[in-house]
Structures are given as C-alpha cells and as structure tokens.
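J.: As input, take data-v8.cif (mmCIF, N, CA and C atoms and all ligand atoms):
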data_coords
loop_
_atom_site.label_atom_id
_atom_site.label_comp_id
_atom_site.auth_asym_id
_atom_site.auth_seq_id
_atom_site.Cartn_x
_atom_site.Cartn_y
_atom_site.Cartn_z
N MET V 1 141.76 103.16 110.87
CA MET V 1 142.47 101.88 110.79
C MET V 1 142.41 101.17 112.13
N LYS V 2 141.98 99.92 112.09
CA LYS V 2 141.90 99.16 113.34
C LYS V 2 143.29 98.78 113.84
N ASN V 3 143.37 98.55 115.12
CA ASN V 3 144.66 98.27 115.74
C ASN V 3 144.87 96.80 116.06
N ASP V 4 143.91 95.97 115.69
CA ASP V 4 144.02 94.57 116.10
C ASP V 4 144.69 93.72 115.03
N TYR V 5 145.92 94.04 114.78
CA TYR V 5 146.68 93.24 113.82
C TYR V 5 147.08 91.93 114.47
N LYS V 6 147.26 90.94 113.63
CA LYS V 6 147.72 89.64 114.13
C LYS V 6 149.08 89.33 113.53
N LEU V 7 149.76 88.40 114.17
CA LEU V 7 151.02 87.93 113.60
C LEU V 7 150.75 87.31 112.24
N ASN V 8 151.70 87.47 111.35
CA ASN V 8 151.65 86.92 110.00
C ASN V 8 150.66 87.62 109.08
N THR V 9 150.04 88.70 109.56
CA THR V 9 149.20 89.50 108.68
C THR V 9 150.09 90.20 107.66
N ILE V 10 149.66 90.19 106.43
CA ILE V 10 150.37 90.95 105.40
C ILE V 10 149.71 92.33 105.29
N VAL V 11 150.53 93.35 105.40
CA VAL V 11 150.01 94.71 105.32
C VAL V 11 150.69 95.46 104.18
N GLU V 12 149.96 96.42 103.64
CA GLU V 12 150.55 97.29 102.62
C GLU V 12 150.86 98.63 103.27
N MET V 13 152.09 99.09 103.11
CA MET V 13 152.50 100.36 103.68
C MET V 13 152.38 101.47 102.64
N LYS V 14 152.26 102.71 103.13
CA LYS V 14 152.12 103.85 102.20
C LYS V 14 153.39 104.04 101.37
N LYS V 15 154.52 103.80 102.04
CA LYS V 15 155.79 104.02 101.38
C LYS V 15 156.41 102.68 101.02
N GLN V 16 156.90 102.54 99.82
CA GLN V 16 157.48 101.26 99.46
C GLN V 16 158.90 101.12 99.97
N HIS V 17 159.28 99.87 100.17
CA HIS V 17 160.63 99.54 100.59
C HIS V 17 161.59 99.84 99.43
N PRO V 18 162.87 100.10 99.73
CA PRO V 18 163.83 100.34 98.64
C PRO V 18 163.86 99.24 97.58
N CYS V 19 163.47 98.02 97.95
CA CYS V 19 163.48 96.93 96.98
C CYS V 19 162.28 96.99 96.04
N GLY V 20 161.31 97.85 96.33
CA GLY V 20 160.18 98.02 95.43
C GLY V 20 158.88 97.42 95.92
N SER V 21 158.92 96.65 97.00
CA SER V 21 157.71 96.02 97.52
C SER V 21 157.03 96.93 98.55
N LYS V 22 155.72 96.87 98.57
CA LYS V 22 154.96 97.62 99.58
C LYS V 22 154.35 96.70 100.62
N ASN V 23 154.50 95.41 100.41
CA ASN V 23 153.85 94.45 101.31
C ASN V 23 154.84 93.93 102.35
N PHE V 24 154.36 93.90 103.58
CA PHE V 24 155.19 93.46 104.70
C PHE V 24 154.38 92.51 105.57
N GLU V 25 155.09 91.57 106.18
CA GLU V 25 154.44 90.63 107.09
C GLU V 25 154.74 91.04 108.52
N ILE V 26 153.72 91.03 109.36
CA ILE V 26 153.92 91.35 110.77
C ILE V 26 154.53 90.14 111.47
N ILE V 27 155.69 90.33 112.06
CA ILE V 27 156.34 89.19 112.72
C ILE V 27 156.47 89.38 114.23
N ARG V 28 156.20 90.56 114.74
CA ARG V 28 156.22 90.76 116.18
C ARG V 28 155.25 91.88 116.52
N LEU V 29 154.46 91.66 117.56
CA LEU V 29 153.51 92.68 118.00
C LEU V 29 153.79 93.04 119.45
N GLY V 30 153.84 94.31 119.74
CA GLY V 30 154.07 94.79 121.09
C GLY V 30 153.99 96.29 121.05
N ALA V 31 154.70 96.95 121.94
CA ALA V 31 154.77 98.41 121.88
C ALA V 31 155.45 98.81 120.57
N ASP V 32 156.40 97.95 120.18
CA ASP V 32 157.01 98.09 118.86
C ASP V 32 156.52 96.96 117.97
N ILE V 33 156.41 97.26 116.71
CA ILE V 33 155.96 96.26 115.75
C ILE V 33 157.08 95.97 114.78
N LYS V 34 157.34 94.70 114.57
CA LYS V 34 158.36 94.30 113.60
C LYS V 34 157.67 93.79 112.36
N ILE V 35 158.10 94.30 111.23
CA ILE V 35 157.55 93.85 109.96
C ILE V 35 158.68 93.39 109.06
N LYS V 36 158.36 92.42 108.23
CA LYS V 36 159.35 91.86 107.32
C LYS V 36 158.88 92.07 105.89
N CYS V 37 159.76 92.63 105.10
CA CYS V 37 159.45 92.84 103.69
C CYS V 37 159.24 91.49 103.02
N VAL V 38 158.11 91.32 102.34
CA VAL V 38 157.82 90.00 101.76
C VAL V 38 158.71 89.71 100.54
N GLN V 39 159.28 90.73 99.98
CA GLN V 39 160.09 90.51 98.79
C GLN V 39 161.55 90.22 99.13
N CYS V 40 162.16 91.07 99.95
CA CYS V 40 163.60 90.90 100.21
C CYS V 40 163.90 90.35 101.60
N GLY V 41 162.88 90.27 102.46
CA GLY V 41 163.09 89.66 103.77
C GLY V 41 163.72 90.56 104.82
N ARG V 42 163.97 91.83 104.49
CA ARG V 42 164.53 92.74 105.49
C ARG V 42 163.51 93.02 106.57
N ILE V 43 164.00 93.17 107.79
CA ILE V 43 163.11 93.39 108.93
C ILE V 43 163.21 94.83 109.39
N ILE V 44 162.06 95.42 109.66
CA ILE V 44 161.98 96.80 110.12
C ILE V 44 161.22 96.82 111.43
N MET V 45 161.70 97.61 112.39
CA MET V 45 160.97 97.75 113.65
C MET V 45 160.46 99.17 113.76
N LEU V 46 159.18 99.29 114.10
CA LEU V 46 158.55 100.60 114.22
C LEU V 46 157.77 100.69 115.52
N PRO V 47 157.79 101.85 116.17
CA PRO V 47 156.85 102.04 117.28
C PRO V 47 155.43 101.91 116.74
N ARG V 48 154.53 101.37 117.54
CA ARG V 48 153.16 101.12 117.08
C ARG V 48 152.49 102.38 116.51
N ILE V 49 152.73 103.51 117.17
CA ILE V 49 152.13 104.78 116.71
C ILE V 49 152.57 105.11 115.29
N GLU V 50 153.85 104.91 115.05
CA GLU V 50 154.38 105.20 113.73
C GLU V 50 153.85 104.20 112.70
N PHE V 51 153.79 102.95 113.10
CA PHE V 51 153.25 101.91 112.23
C PHE V 51 151.82 102.27 111.80
N ASN V 52 151.03 102.72 112.78
CA ASN V 52 149.63 103.07 112.47
C ASN V 52 149.53 104.21 111.47
N LYS V 53 150.51 105.08 111.48
CA LYS V 53 150.51 106.20 110.53
C LYS V 53 150.94 105.75 109.15
N LYS V 54 151.81 104.74 109.11
CA LYS V 54 152.43 104.36 107.84
C LYS V 54 151.70 103.25 107.10
N ILE V 55 150.81 102.57 107.80
CA ILE V 55 150.10 101.47 107.14
C ILE V 55 149.05 102.03 106.19
N LYS V 56 148.91 101.39 105.06
CA LYS V 56 147.87 101.80 104.12
C LYS V 56 146.66 100.88 104.25
N LYS V 57 146.91 99.59 104.21
CA LYS V 57 145.78 98.66 104.36
C LYS V 57 146.27 97.28 104.72
N ILE V 58 145.34 96.48 105.19
CA ILE V 58 145.63 95.08 105.49
C ILE V 58 145.36 94.28 104.22
N VAL V 59 146.33 93.50 103.81
CA VAL V 59 146.18 92.72 102.59
C VAL V 59 145.54 91.37 102.90
N THR V 60 146.10 90.63 103.86
CA THR V 60 145.51 89.36 104.27
C THR V 60 145.67 89.18 105.77
N TYR V 61 144.76 88.43 106.34
CA TYR V 61 144.90 88.05 107.74
C TYR V 61 145.58 86.71 107.84
ZN ZN J 1 162.22 94.89 100.60
#
Take the structure I supplied and represent it as structure tokens, if you would.
T.:
Amino acid sequence: MKNDYKLNTIVEMKKQHPCGSKNFEIIRLGADIKIKCVQCGRIIMLPRIEFNKKIKKIVTY
C-alpha cells in the first residue's frame, strides 16, 4: 500500500465503523491521520503506522 495519501481521499478500511460504513475521508495528514466516516461524520485519529495497517484500499482520490 502506497503512503502518498492526499486530503479528501476516500479510503476503505478493513474494519467497518459501528454505523456500518467502511468508507472514510482523509481530513488531516501528518504523523497522525484523521479520517471522517462518510456516513455518520464521526472523526477518528490514528497514528500513520496503524492507519497503514487498517486501510484496505483507496476508493477515490
Ligand atoms: Zn460511521
């Protein structure tokens, strides 16, 4: 998996959010990555290493 994500990229995670969606939008990039659930709007912050393990694929750039 490449590491060059951009802001507003929609990504699919391996594990779905409690609301049932697997798609998240990247809203902050740094040592930590913030993603927002596209369905319910909840924001999750993950260390980049953890994010790289949990991402399944990039949906859109
Ligand atoms: Zn959600």
J.: Counting all atoms listed in the file, name the residues that have an atom within 7 Å of an atom of ligand ZN 1 (chain J); the answer should be given as a VMD selection string.
T.: chain V and resid 17 to 21 36 to 42
J.: I need the residues from that last selection saved to file as a CSV table (one decimal), keeping the file's coordinate frame (with N, CA and C atoms), if you can.
T.:
chain,number,residue,atom,x,y,z
V,17,HIS,N,159.3,99.9,100.2
V,17,HIS,CA,160.6,99.5,100.6
V,17,HIS,C,161.6,99.8,99.4
V,18,PRO,N,162.9,100.1,99.7
V,18,PRO,CA,163.8,100.3,98.6
V,18,PRO,C,163.9,99.2,97.6
V,19,CYS,N,163.5,98.0,98.0
V,19,CYS,CA,163.5,96.9,97.0
V,19,CYS,C,162.3,97.0,96.0
V,20,GLY,N,161.3,97.8,96.3
V,20,GLY,CA,160.2,98.0,95.4
V,20,GLY,C,158.9,97.4,95.9
V,21,SER,N,158.9,96.6,97.0
V,21,SER,CA,157.7,96.0,97.5
V,21,SER,C,157.0,96.9,98.6
V,36,LYS,N,158.4,92.4,108.2
V,36,LYS,CA,159.4,91.9,107.3
V,36,LYS,C,158.9,92.1,105.9
V,37,CYS,N,159.8,92.6,105.1
V,37,CYS,CA,159.4,92.8,103.7
V,37,CYS,C,159.2,91.5,103.0
V,38,VAL,N,158.1,91.3,102.3
V,38,VAL,CA,157.8,90.0,101.8
V,38,VAL,C,158.7,89.7,100.5
V,39,GLN,N,159.3,90.7,100.0
V,39,GLN,CA,160.1,90.5,98.8
V,39,GLN,C,161.6,90.2,99.1
V,40,CYS,N,162.2,91.1,100.0
V,40,CYS,CA,163.6,90.9,100.2
V,40,CYS,C,163.9,90.4,101.6
V,41,GLY,N,162.9,90.3,102.5
V,41,GLY,CA,163.1,89.7,103.8
V,41,GLY,C,163.7,90.6,104.8
V,42,ARG,N,164.0,91.8,104.5
V,42,ARG,CA,164.5,92.7,105.5
V,42,ARG,C,163.5,93.0,106.6
J.: Using DSSP on the backbone coordinates, identify the residues of chain V assigned to alpha helix (DSSP H); present them as a ChimeraX atom specification.
T.: /V:48-54
J.: Please report the interatomic distance between CA of Asp4 (chain V) and CA of Ile43 (chain V) in Å with one decimal.
T.: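 Separating CA of Asp4 (chain V) from CA of Ile43 (chain V) is a distance of 20.4 Å.
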J.: With distances taken over only N, CA and C atoms, which of V:Ile26, V:Ile33, V:Lys15, V:Tyr5 is nearest to Phe51 (chain V)?
T.: V:Ile33
J.: Between V:Ile35, V:Arg48, V:Lys54, V:Gly30, single out the one closest to Ile10 (chain V), counting only C-alpha atoms.
T.: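 Checking each of V:Ile35, V:Arg48, V:Lys54, V:Gly30 against Ile10 (chain V), counting only C-alpha atoms, the winner is V:Ile35.
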J.: Would you please work out which residue, of V:Leu29, V:Lys57, V:Leu46, V:Lys34, is nearest to Lys14 (chain V) when using only C-alpha atoms?
T.: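 When distances to Lys14 (chain V) are compared using only C-alpha atoms, the smallest one comes from V:Lys57.
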J.: What does the distance from CA of Val59 (chain V) to CA of Asn8 (chain V) come to in Å, to one decimal?
T.: 10.9 Å
